[in-house]
Amino acid sequence: MVVSGNELQNSSVETGSATTPDCWLLGGYGSNGYSWARTNASAHSGLYGEQLNVTSFSNGDRKLLSAFNNTCSPSITQGHAYTVTVWYKSSAHPAIFAFTRNASTGRYGWWTQSPRLPSASSWTAATWTTPAVPAGVTNLSVGLGLQMAGSVTIDDLALTDTAGGGGGSTPPPPDTTPPSVSLTAPTAGATIAGPMTMSANAADNVAVNHVDLLIDGTTMGTIKSAPYQISYDSTSLTNGAHTVSARAVDSSGNAKTSATVAVTVNNAPPPPPPLPSGGTFTTLASGVAGLPRTGCASQVTTSTWEPISSNATANHSVPAGPVPWSNAELGPYWAKWIAKRDLVTGNYTGTTNQIIQWSACKWGMNEDLMRAVAVQESDWRESMVGDNCGRTGQASYGLFQIKNAYCSGADAWGGYPYSATYTALNADFYGAYLRSCLDGDFYASGNSWLYNGQSMPQIIAANGLDYAVWGCVGSWFSGGWYDSGAQNYINGVKGHLANKDWLKY
């Protein structure tokens with residue numbers, strides 16, 4: 001919401017991190033239970049509102065206030081009164097608060113507050129004018145909060161100078177007329193492939209603040225001034241039916257959404273992205289020297305093809321510190337595996353496809369095989385949680401479903417939450433596992449795990465390298481060597497590999 005003369009920064013609480021909007025603080029005192037959230041499930045305008053839930057209350061309050069600094073809590077004129085406007089929804093009776101900065105001490109303290117406001121099940125505008133600012137005050141901090149149990153969602157705050165109008169003066173009535181908006185492109189019934197132009201016309205009796213362009217109800221772009229138009233890459237959408245619409249928001253926060261139009265997306269599957277060398281990474285022999293490779297970041301494809309846009313954050317993050325892998329199996333049978341595992345860094349960023357290829361290069365494994373395993377394990381989604389026992393950590397996480405712990409709480413591979421947060425780390429670990437298995441690192445004479453008492457050279461001599469590779473793939477799932485669970489899993493991965501199912505996302 002934009003109000004002429006509004007002196008508050010980030011007044012629509014659109015930007016922020018974790019639970020706190022930029023330029024605001026989550027204040028309060030006393031004995032009460034509470035939680036805060038930046039919510040995009042309910043906003044008066046834009047994408048975000050700030051939600052406070054007071055779950056228990058004995059005394060005190062909880063409140064959202066403009067941050068106590070000269071940028072976020074604006075300087076004011078002594079003797080002037082100021083009008084606070086805020087949009088809210090609440091199951092309780094919130095109040096508007098005002099804090100002032102003392103010129104001599106530089107400290108902020110409570111000054112005054114409004115009468116309690118009525119509860120409101122839908123978005124409601126509240127206005128309140130402060131008394132005249134006393135001498136010795138340099139800055140004013142304002143906001144909304146609760147002095148009782150209940151919930152309140154806050155959006156679109158404003159602070160305006162009434163130029164000495166005095167406490168209790170009545171501000172002008174807010175604008176309640178929504179803007180007009182119509183979608184101009186694409187047209188109803190259009191078939192879309194590749195780049196798609198989305199555009200709209202919008203007008204308002206005061207001023208249009210911004211226009212959101214939406215696909216299936218999700219904002220794909222926000223434009224602050226005419227022409228209200230963006231180009232959107234439809235290859236990130238699934239083929240089939242979709243809806244497109246536009247939403248206009250005026251300077252008072254009133255919003256109007258256009259009629260939706262139905263379109264059909266029909267993109268051909270992208271070709272397999274090439275390597276810089278024109279080749280592909282294939283599986284190297286068991287025990288081959290020179291692994292893990294270095295320099296793989298410069299060897300992967302330059303294509304930015306990305307079928308899973310939700311992986312973006314995890315794809316472009318790397319761990320900053322040690323990863324808590326399990327050391328429950330540090331006996332002599334596991335020494336070679338631990339040595340390889342300790343070379344897992346996850347130190348690469350790129351698309352999901354580039355990350356898989358980077359791990360295949362590093363550990364000397366077939367890149368398409370790893371792509372197919374990622375289809376089987378997670379549909380290429382780093383956010384995937386499997387084998388969930390209902391307790392944090394007792395599950396499998398990420399692109400290749402690294403099991404952190406069993407339902408008993410006993411350690412498995414470990415790595416959580418890093419394995420769920422960093423795509424490259426997840427792929428790096430899986431590549432190290434395949435290579436360690438293929439190198440025979442899980443064999444010890446007289447020990448049945450993993451190769452039924454055989455060494456890897458014996459297995460390869462009798463059955464070939466390909467048999468050994470697939471045995472390692474199946475062991476990741478079942479923990480056994482060609483048992484029934486492993487065999488069913490192998491068949492599933494082989495199907496994805498034959499069909500190149502990752503190209504169908």
# chains A, B, ... in the order shown; residues from 1 in each chain; ligands from 1
>>> residues_around(residues="range 210-222 of chain A", least_positions_apart="2", cutoff="6 Å", atoms="only C-alpha atoms", output="ChimeraX atom specification")
/A:208,224,243-249
>>> residues_around(residues="Ala95 in chain A", least_positions_apart="6", cutoff="8 Å", atoms="only C-alpha atoms", output="short mmCIF file (atom, residue, chain, number, x, y, z; two decimals) with N, CA and C atoms, in the first residue's frame")
data_model
loop_
_atom_site.label_atom_id
_atom_site.label_comp_id
_atom_site.auth_asym_id
_atom_site.auth_seq_id
_atom_site.Cartn_x
_atom_site.Cartn_y
_atom_site.Cartn_z
N GLN A 113 -0.93 5.05 23.10
CA GLN A 113 -1.53 4.05 22.23
C GLN A 113 -2.99 4.38 22.01
N SER A 114 -3.55 3.75 20.98
CA SER A 114 -4.95 3.98 20.63
C SER A 114 -5.86 3.20 21.55
N PRO A 115 -7.17 3.52 21.55
CA PRO A 115 -8.13 2.60 22.16
C PRO A 115 -8.07 1.25 21.44
N ARG A 116 -8.52 0.21 22.10
CA ARG A 116 -8.52 -1.09 21.45
C ARG A 116 -9.49 -1.10 20.27
N LEU A 117 -9.05 -1.74 19.20
CA LEU A 117 -9.83 -1.78 17.96
C LEU A 117 -10.77 -2.97 17.98
N LEU A 144 1.31 -2.11 15.47
CA LEU A 144 0.07 -2.71 15.94
C LEU A 144 0.40 -3.96 16.75
N GLY A 145 -0.40 -4.26 17.77
CA GLY A 145 -0.16 -5.46 18.56
C GLY A 145 -1.34 -5.82 19.42
N LEU A 146 -1.12 -6.81 20.30
CA LEU A 146 -2.17 -7.36 21.15
C LEU A 146 -1.77 -7.29 22.62
N GLN A 147 -2.77 -7.01 23.46
CA GLN A 147 -2.61 -7.06 24.91
C GLN A 147 -3.58 -8.08 25.49
#
>>> closest_atom_pairs(of="range 234-288 of chain A", to="range 440-444 of chain A", cutoff="12 Å", atoms="only C-alpha atoms", output="Markdown table")
| residue | atom | partner | partner_atom | distance |
| --- | --- | --- | --- | --- |
| A:Ala285 | CA | A:Gly440 | CA | 11.5 |
| A:Ser286 | CA | A:Gly440 | CA | 7.8 |
| A:Gly287 | CA | A:Gly440 | CA | 8.1 |
| A:Val288 | CA | A:Gly440 | CA | 11.6 |
>>> write_last_selection(atoms="N, CA and C atoms", output="compact mmCIF listing (two decimals), in the first residue's frame")
# COMPACT_ATOMS: atom_id res chain seq x y z
N ALA A 285 36.28 -47.91 -14.38
CA ALA A 285 36.51 -49.25 -13.85
C ALA A 285 36.64 -49.24 -12.34
N SER A 286 36.37 -50.38 -11.73
CA SER A 286 36.56 -50.55 -10.30
C SER A 286 38.03 -50.35 -9.95
N GLY A 287 38.28 -49.56 -8.91
CA GLY A 287 39.64 -49.36 -8.44
C GLY A 287 40.48 -48.42 -9.28
N VAL A 288 39.87 -47.72 -10.24
CA VAL A 288 40.64 -46.84 -11.11
C VAL A 288 41.27 -45.72 -10.29
>>> select_by_dssp(residues="range 15-69 of chain A", states="strand (DSSP E)", output="ChimeraX atom specification")
/A:16-17,20-21,24-29,32-39,49-57,61-66
>>> residues_around(residues="Gly474 in chain A", least_positions_apart="6", cutoff="12 Å", atoms="only C-alpha atoms", output="PyMOL selection string")
chain A and resi 373+376-377+433-434+437+450-451+467-468+480-494
>>> write_last_selection(atoms="N, CA and C atoms", output="compact mmCIF listing (two decimals), in the first residue's frame")
# COMPACT_ATOMS: atom_id res chain seq x y z
N VAL A 373 18.44 -42.60 -11.17
CA VAL A 373 18.28 -42.88 -9.74
C VAL A 373 17.57 -41.72 -9.05
N GLN A 376 13.93 -42.00 -9.56
CA GLN A 376 13.37 -43.04 -8.69
C GLN A 376 13.26 -42.58 -7.25
N GLU A 377 14.27 -41.87 -6.76
CA GLU A 377 14.33 -41.52 -5.35
C GLU A 377 13.45 -40.32 -4.99
N TYR A 433 29.14 -42.95 -2.50
CA TYR A 433 28.66 -44.28 -2.12
C TYR A 433 28.79 -45.26 -3.30
N LEU A 434 28.32 -44.85 -4.49
CA LEU A 434 28.40 -45.75 -5.65
C LEU A 434 29.85 -46.12 -5.94
N CYS A 437 31.21 -48.49 -3.27
CA CYS A 437 30.66 -49.83 -3.48
C CYS A 437 31.36 -50.52 -4.64
N LEU A 450 29.05 -56.39 2.01
CA LEU A 450 27.85 -56.19 1.22
C LEU A 450 27.74 -57.25 0.12
N TYR A 451 28.77 -57.94 -0.22
CA TYR A 451 28.82 -58.67 -1.49
C TYR A 451 28.67 -60.18 -1.32
N TYR A 467 27.11 -55.63 -14.20
CA TYR A 467 26.43 -56.36 -13.12
C TYR A 467 26.79 -55.77 -11.76
N ALA A 468 28.07 -55.44 -11.59
CA ALA A 468 28.52 -54.88 -10.32
C ALA A 468 27.90 -53.51 -10.07
N GLY A 480 21.24 -54.82 0.63
CA GLY A 480 21.63 -56.18 0.27
C GLY A 480 22.13 -56.26 -1.15
N TRP A 481 22.64 -57.43 -1.51
CA TRP A 481 23.23 -57.64 -2.84
C TRP A 481 22.28 -58.50 -3.67
N TYR A 482 21.58 -57.86 -4.57
CA TYR A 482 20.63 -58.53 -5.46
C TYR A 482 19.57 -59.32 -4.69
N ASP A 483 19.15 -58.84 -3.51
CA ASP A 483 18.01 -59.45 -2.87
C ASP A 483 16.74 -58.97 -3.57
N SER A 484 15.57 -59.42 -3.13
CA SER A 484 14.35 -59.11 -3.87
C SER A 484 14.05 -57.61 -3.88
N GLY A 485 14.28 -56.95 -2.75
CA GLY A 485 14.05 -55.51 -2.71
C GLY A 485 14.97 -54.76 -3.65
N ALA A 486 16.24 -55.16 -3.66
CA ALA A 486 17.20 -54.53 -4.56
C ALA A 486 16.83 -54.75 -6.02
N GLN A 487 16.39 -55.97 -6.34
CA GLN A 487 16.07 -56.29 -7.73
C GLN A 487 14.88 -55.46 -8.23
N ASN A 488 13.85 -55.31 -7.39
CA ASN A 488 12.71 -54.48 -7.79
C ASN A 488 13.12 -53.04 -7.99
N TYR A 489 13.99 -52.55 -7.11
CA TYR A 489 14.48 -51.18 -7.22
C TYR A 489 15.29 -51.00 -8.50
N ILE A 490 16.17 -51.97 -8.78
CA ILE A 490 16.99 -51.91 -10.00
C ILE A 490 16.09 -51.84 -11.23
N ASN A 491 15.04 -52.65 -11.26
CA ASN A 491 14.14 -52.64 -12.42
C ASN A 491 13.48 -51.28 -12.60
N GLY A 492 13.11 -50.63 -11.48
CA GLY A 492 12.51 -49.30 -11.57
C GLY A 492 13.48 -48.28 -12.13
N VAL A 493 14.74 -48.30 -11.67
CA VAL A 493 15.74 -47.36 -12.18
C VAL A 493 16.03 -47.63 -13.65
N LYS A 494 16.11 -48.90 -14.03
CA LYS A 494 16.35 -49.23 -15.44
C LYS A 494 15.24 -48.69 -16.33
>>> select_by_dssp(residues="range 301-386 of chain A", states="helix (DSSP H, G or I)", output="short mmCIF file (atom, residue, chain, number, x, y, z; two decimals) with N, CA and C atoms, in the first residue's frame")
data_model
loop_
_atom_site.label_atom_id
_atom_site.label_comp_id
_atom_site.auth_asym_id
_atom_site.auth_seq_id
_atom_site.Cartn_x
_atom_site.Cartn_y
_atom_site.Cartn_z
N SER A 309 12.18 -25.94 -10.71
CA SER A 309 12.55 -24.59 -10.26
C SER A 309 12.56 -24.49 -8.73
N SER A 310 11.82 -25.36 -8.04
CA SER A 310 11.77 -25.30 -6.57
C SER A 310 13.10 -25.68 -5.92
N ASN A 311 14.03 -26.24 -6.71
CA ASN A 311 15.34 -26.61 -6.17
C ASN A 311 16.30 -25.42 -6.11
N ALA A 312 15.88 -24.25 -6.60
CA ALA A 312 16.82 -23.16 -6.84
C ALA A 312 17.65 -22.80 -5.62
N THR A 313 17.02 -22.62 -4.46
CA THR A 313 17.78 -22.21 -3.28
C THR A 313 18.79 -23.28 -2.87
N ALA A 314 18.34 -24.54 -2.79
CA ALA A 314 19.25 -25.62 -2.40
C ALA A 314 20.35 -25.84 -3.42
N ASN A 315 20.05 -25.57 -4.70
CA ASN A 315 21.05 -25.76 -5.75
C ASN A 315 22.16 -24.72 -5.67
N PRO A 332 37.22 -51.56 11.07
CA PRO A 332 38.15 -51.77 9.95
C PRO A 332 37.45 -52.09 8.64
N TYR A 333 36.22 -52.66 8.69
CA TYR A 333 35.50 -52.98 7.47
C TYR A 333 35.09 -51.73 6.70
N TRP A 334 35.04 -50.58 7.38
CA TRP A 334 34.49 -49.37 6.78
C TRP A 334 35.54 -48.29 6.51
N ALA A 335 36.78 -48.57 6.76
CA ALA A 335 37.81 -47.54 6.70
C ALA A 335 37.91 -46.91 5.30
N LYS A 336 37.84 -47.73 4.26
CA LYS A 336 37.98 -47.18 2.89
C LYS A 336 36.76 -46.31 2.53
N TRP A 337 35.57 -46.74 2.98
CA TRP A 337 34.38 -45.92 2.71
C TRP A 337 34.47 -44.58 3.44
N ILE A 338 34.88 -44.61 4.70
CA ILE A 338 34.98 -43.37 5.45
C ILE A 338 35.97 -42.41 4.80
N ALA A 339 37.05 -42.95 4.25
CA ALA A 339 38.04 -42.10 3.58
C ALA A 339 37.42 -41.39 2.38
N LYS A 340 36.58 -42.10 1.62
CA LYS A 340 35.92 -41.46 0.48
C LYS A 340 34.85 -40.47 0.96
N ARG A 341 34.09 -40.89 1.97
CA ARG A 341 33.03 -40.02 2.48
C ARG A 341 33.59 -38.69 2.96
N THR A 352 19.95 -28.38 -11.25
CA THR A 352 19.88 -29.76 -10.76
C THR A 352 20.63 -30.70 -11.69
N ASN A 353 20.47 -30.51 -12.99
CA ASN A 353 21.14 -31.36 -13.97
C ASN A 353 22.66 -31.20 -13.89
N GLN A 354 23.14 -29.97 -13.76
CA GLN A 354 24.58 -29.75 -13.65
C GLN A 354 25.15 -30.37 -12.38
N ILE A 355 24.40 -30.31 -11.28
CA ILE A 355 24.86 -30.88 -10.02
C ILE A 355 25.01 -32.40 -10.14
N ILE A 356 24.02 -33.07 -10.73
CA ILE A 356 24.11 -34.52 -10.93
C ILE A 356 25.32 -34.85 -11.79
N GLN A 357 25.50 -34.08 -12.85
CA GLN A 357 26.62 -34.33 -13.77
C GLN A 357 27.96 -34.09 -13.08
N TRP A 358 28.01 -33.04 -12.24
CA TRP A 358 29.24 -32.74 -11.50
C TRP A 358 29.62 -33.91 -10.59
N SER A 359 28.65 -34.48 -9.87
CA SER A 359 28.94 -35.62 -9.00
C SER A 359 29.37 -36.83 -9.81
N ALA A 360 28.71 -37.08 -10.96
CA ALA A 360 29.10 -38.20 -11.82
C ALA A 360 30.54 -38.04 -12.30
N CYS A 361 30.91 -36.83 -12.66
CA CYS A 361 32.29 -36.56 -13.08
C CYS A 361 33.25 -36.80 -11.92
N LYS A 362 32.94 -36.27 -10.75
CA LYS A 362 33.84 -36.36 -9.60
C LYS A 362 34.13 -37.80 -9.21
N TRP A 363 33.10 -38.65 -9.25
CA TRP A 363 33.25 -40.01 -8.74
C TRP A 363 33.34 -41.07 -9.83
N GLU A 367 26.54 -40.54 -15.82
CA GLU A 367 25.67 -39.43 -15.45
C GLU A 367 24.19 -39.75 -15.68
N ASP A 368 23.85 -40.47 -16.76
CA ASP A 368 22.45 -40.82 -16.99
C ASP A 368 21.95 -41.82 -15.95
N LEU A 369 22.81 -42.72 -15.49
CA LEU A 369 22.42 -43.63 -14.42
C LEU A 369 22.04 -42.82 -13.18
N MET A 370 22.86 -41.82 -12.83
CA MET A 370 22.56 -41.02 -11.65
C MET A 370 21.30 -40.19 -11.85
N ARG A 371 21.07 -39.69 -13.06
CA ARG A 371 19.82 -38.97 -13.33
C ARG A 371 18.62 -39.88 -13.10
N ALA A 372 18.72 -41.14 -13.56
CA ALA A 372 17.61 -42.08 -13.42
C ALA A 372 17.36 -42.43 -11.95
N VAL A 373 18.44 -42.60 -11.17
CA VAL A 373 18.28 -42.88 -9.74
C VAL A 373 17.57 -41.72 -9.05
N ALA A 374 17.93 -40.47 -9.44
CA ALA A 374 17.29 -39.30 -8.83
C ALA A 374 15.80 -39.24 -9.16
N VAL A 375 15.41 -39.73 -10.35
CA VAL A 375 13.98 -39.83 -10.67
C VAL A 375 13.31 -40.82 -9.71
N GLN A 376 13.93 -42.00 -9.56
CA GLN A 376 13.37 -43.04 -8.69
C GLN A 376 13.26 -42.58 -7.25
N GLU A 377 14.27 -41.87 -6.76
CA GLU A 377 14.33 -41.52 -5.35
C GLU A 377 13.45 -40.32 -4.99
N SER A 378 13.45 -39.29 -5.84
CA SER A 378 12.84 -38.02 -5.39
C SER A 378 12.13 -37.24 -6.47
#
>>> residues_around(residues="Tyr228 in chain A", least_positions_apart="2", cutoff="7 Å", atoms="only C-alpha atoms", output="PyMOL selection string")
chain A and resi 199-201+211+223+225-226
>>> residues_around(residues="range 5-19 of chain A", least_positions_apart="6", cutoff="7 Å", atoms="only C-alpha atoms", output="number ranges by chain")
A: 36-38, 46-49, 72, 74, 155-160
>>> residues_around(residues="Ala98 in chain A", least_positions_apart="5", cutoff="12 Å", atoms="only C-alpha atoms", output="ChimeraX atom specification")
/A:63-68,73,81-84,108-114,128-131,133,139-145,159
>>> closest_residue(among="A:Tyr406, A:Lys500, A:Gly364, A:Thr423", to="Met384 in chain A", atoms="only C-alpha atoms")
A:Thr423
>>> closest_residue(among="A:Val323, A:Ile308, A:Val318, A:Met456", to="Leu399 in chain A", atoms="only C-alpha atoms")
A:Ile308
>>> decode(residues="range 41-120 of chain A", atoms="C-alpha atoms", output="PDB file, in the first residue's frame")
ATOM      1  CA  ALA A  41      -1.315 -17.252   2.744  1.00  0.00           C
ATOM      2  CA  SER A  42      -3.106 -14.048   3.735  1.00  0.00           C
ATOM      3  CA  ALA A  43      -2.002 -10.572   2.678  1.00  0.00           C
ATOM      4  CA  HIS A  44      -3.977  -7.393   2.147  1.00  0.00           C
ATOM      5  CA  SER A  45      -1.777  -6.398  -0.796  1.00  0.00           C
ATOM      6  CA  GLY A  46       1.300  -7.881  -2.390  1.00  0.00           C
ATOM      7  CA  LEU A  47       2.504 -11.280  -1.213  1.00  0.00           C
ATOM      8  CA  TYR A  48       3.129 -10.991   2.535  1.00  0.00           C
ATOM      9  CA  GLY A  49       1.475  -9.966   5.782  1.00  0.00           C
ATOM     10  CA  GLU A  50       2.812 -10.299   9.341  1.00  0.00           C
ATOM     11  CA  GLN A  51       0.896 -12.609  11.674  1.00  0.00           C
ATOM     12  CA  LEU A  52       0.981 -12.615  15.494  1.00  0.00           C
ATOM     13  CA  ASN A  53      -0.575 -15.398  17.572  1.00  0.00           C
ATOM     14  CA  VAL A  54      -0.768 -14.860  21.347  1.00  0.00           C
ATOM     15  CA  THR A  55      -1.538 -18.339  22.640  1.00  0.00           C
ATOM     16  CA  SER A  56      -1.554 -17.545  26.369  1.00  0.00           C
ATOM     17  CA  PHE A  57      -1.689 -14.251  28.250  1.00  0.00           C
ATOM     18  CA  SER A  58      -1.115 -13.114  31.819  1.00  0.00           C
ATOM     19  CA  ASN A  59       0.195  -9.583  31.298  1.00  0.00           C
ATOM     20  CA  GLY A  60       2.218  -7.362  28.960  1.00  0.00           C
ATOM     21  CA  ASP A  61       1.831  -7.223  25.184  1.00  0.00           C
ATOM     22  CA  ARG A  62       3.275  -8.292  21.805  1.00  0.00           C
ATOM     23  CA  LYS A  63       3.544  -5.822  18.949  1.00  0.00           C
ATOM     24  CA  LEU A  64       5.029  -5.093  15.521  1.00  0.00           C
ATOM     25  CA  LEU A  65       6.872  -1.754  15.562  1.00  0.00           C
ATOM     26  CA  SER A  66       8.962   0.175  13.079  1.00  0.00           C
ATOM     27  CA  ALA A  67      12.575  -0.563  14.008  1.00  0.00           C
ATOM     28  CA  PHE A  68      14.279   1.744  16.507  1.00  0.00           C
ATOM     29  CA  ASN A  69      16.633   3.590  14.156  1.00  0.00           C
ATOM     30  CA  ASN A  70      16.652   6.815  12.159  1.00  0.00           C
ATOM     31  CA  THR A  71      15.824   5.078   8.852  1.00  0.00           C
ATOM     32  CA  CYS A  72      12.873   2.946   9.904  1.00  0.00           C
ATOM     33  CA  SER A  73      11.380   5.169  12.627  1.00  0.00           C
ATOM     34  CA  PRO A  74      11.208   8.530  10.868  1.00  0.00           C
ATOM     35  CA  SER A  75      12.240  11.872  12.288  1.00  0.00           C
ATOM     36  CA  ILE A  76       9.258  14.033  13.242  1.00  0.00           C
ATOM     37  CA  THR A  77       8.333  17.642  13.966  1.00  0.00           C
ATOM     38  CA  GLN A  78       7.696  18.574  17.590  1.00  0.00           C
ATOM     39  CA  GLY A  79       4.211  19.950  18.085  1.00  0.00           C
ATOM     40  CA  HIS A  80       2.773  18.062  15.098  1.00  0.00           C
ATOM     41  CA  ALA A  81       0.306  15.183  15.381  1.00  0.00           C
ATOM     42  CA  TYR A  82       0.662  12.070  13.232  1.00  0.00           C
ATOM     43  CA  THR A  83      -1.938   9.745  11.763  1.00  0.00           C
ATOM     44  CA  VAL A  84      -1.307   5.994  11.755  1.00  0.00           C
ATOM     45  CA  THR A  85      -3.205   3.833   9.264  1.00  0.00           C
ATOM     46  CA  VAL A  86      -3.035   0.038   9.323  1.00  0.00           C
ATOM     47  CA  TRP A  87      -4.944  -2.815   7.695  1.00  0.00           C
ATOM     48  CA  TYR A  88      -5.616  -5.799   9.941  1.00  0.00           C
ATOM     49  CA  LYS A  89      -7.606  -8.965  10.562  1.00  0.00           C
ATOM     50  CA  SER A  90      -7.962 -10.134  14.171  1.00  0.00           C
ATOM     51  CA  SER A  91      -9.836 -12.534  16.418  1.00  0.00           C
ATOM     52  CA  ALA A  92      -9.041 -10.198  19.349  1.00  0.00           C
ATOM     53  CA  HIS A  93      -8.920  -6.439  19.950  1.00  0.00           C
ATOM     54  CA  PRO A  94      -5.578  -5.013  18.813  1.00  0.00           C
ATOM     55  CA  ALA A  95      -4.218  -1.564  19.577  1.00  0.00           C
ATOM     56  CA  ILE A  96      -1.975   0.903  17.718  1.00  0.00           C
ATOM     57  CA  PHE A  97       1.193   1.789  19.667  1.00  0.00           C
ATOM     58  CA  ALA A  98       3.501   4.802  19.481  1.00  0.00           C
ATOM     59  CA  PHE A  99       7.054   4.991  20.853  1.00  0.00           C
ATOM     60  CA  THR A 100       9.301   8.086  20.823  1.00  0.00           C
ATOM     61  CA  ARG A 101      13.051   8.646  20.778  1.00  0.00           C
ATOM     62  CA  ASN A 102      14.349  11.001  23.474  1.00  0.00           C
ATOM     63  CA  ALA A 103      16.728  13.597  22.053  1.00  0.00           C
ATOM     64  CA  SER A 104      19.017  13.693  25.109  1.00  0.00           C
ATOM     65  CA  THR A 105      19.342   9.936  25.769  1.00  0.00           C
ATOM     66  CA  GLY A 106      18.806   8.547  22.265  1.00  0.00           C
ATOM     67  CA  ARG A 107      16.577   5.850  23.752  1.00  0.00           C
ATOM     68  CA  TYR A 108      13.097   4.813  22.605  1.00  0.00           C
ATOM     69  CA  GLY A 109      10.244   4.485  25.081  1.00  0.00           C
ATOM     70  CA  TRP A 110       6.479   3.954  25.125  1.00  0.00           C
ATOM     71  CA  TRP A 111       4.538   7.167  24.552  1.00  0.00           C
ATOM     72  CA  THR A 112       0.875   6.443  23.896  1.00  0.00           C
ATOM     73  CA  GLN A 113      -1.528   4.048  22.233  1.00  0.00           C
ATOM     74  CA  SER A 114      -4.951   3.981  20.631  1.00  0.00           C
ATOM     75  CA  PRO A 115      -8.131   2.599  22.162  1.00  0.00           C
ATOM     76  CA  ARG A 116      -8.520  -1.095  21.452  1.00  0.00           C
ATOM     77  CA  LEU A 117      -9.831  -1.779  17.957  1.00  0.00           C
ATOM     78  CA  PRO A 118     -12.737  -4.086  17.145  1.00  0.00           C
ATOM     79  CA  SER A 119     -12.106  -7.670  16.056  1.00  0.00           C
ATOM     80  CA  ALA A 120     -12.376  -8.182  12.290  1.00  0.00           C
TER      81      ALA A 120
END
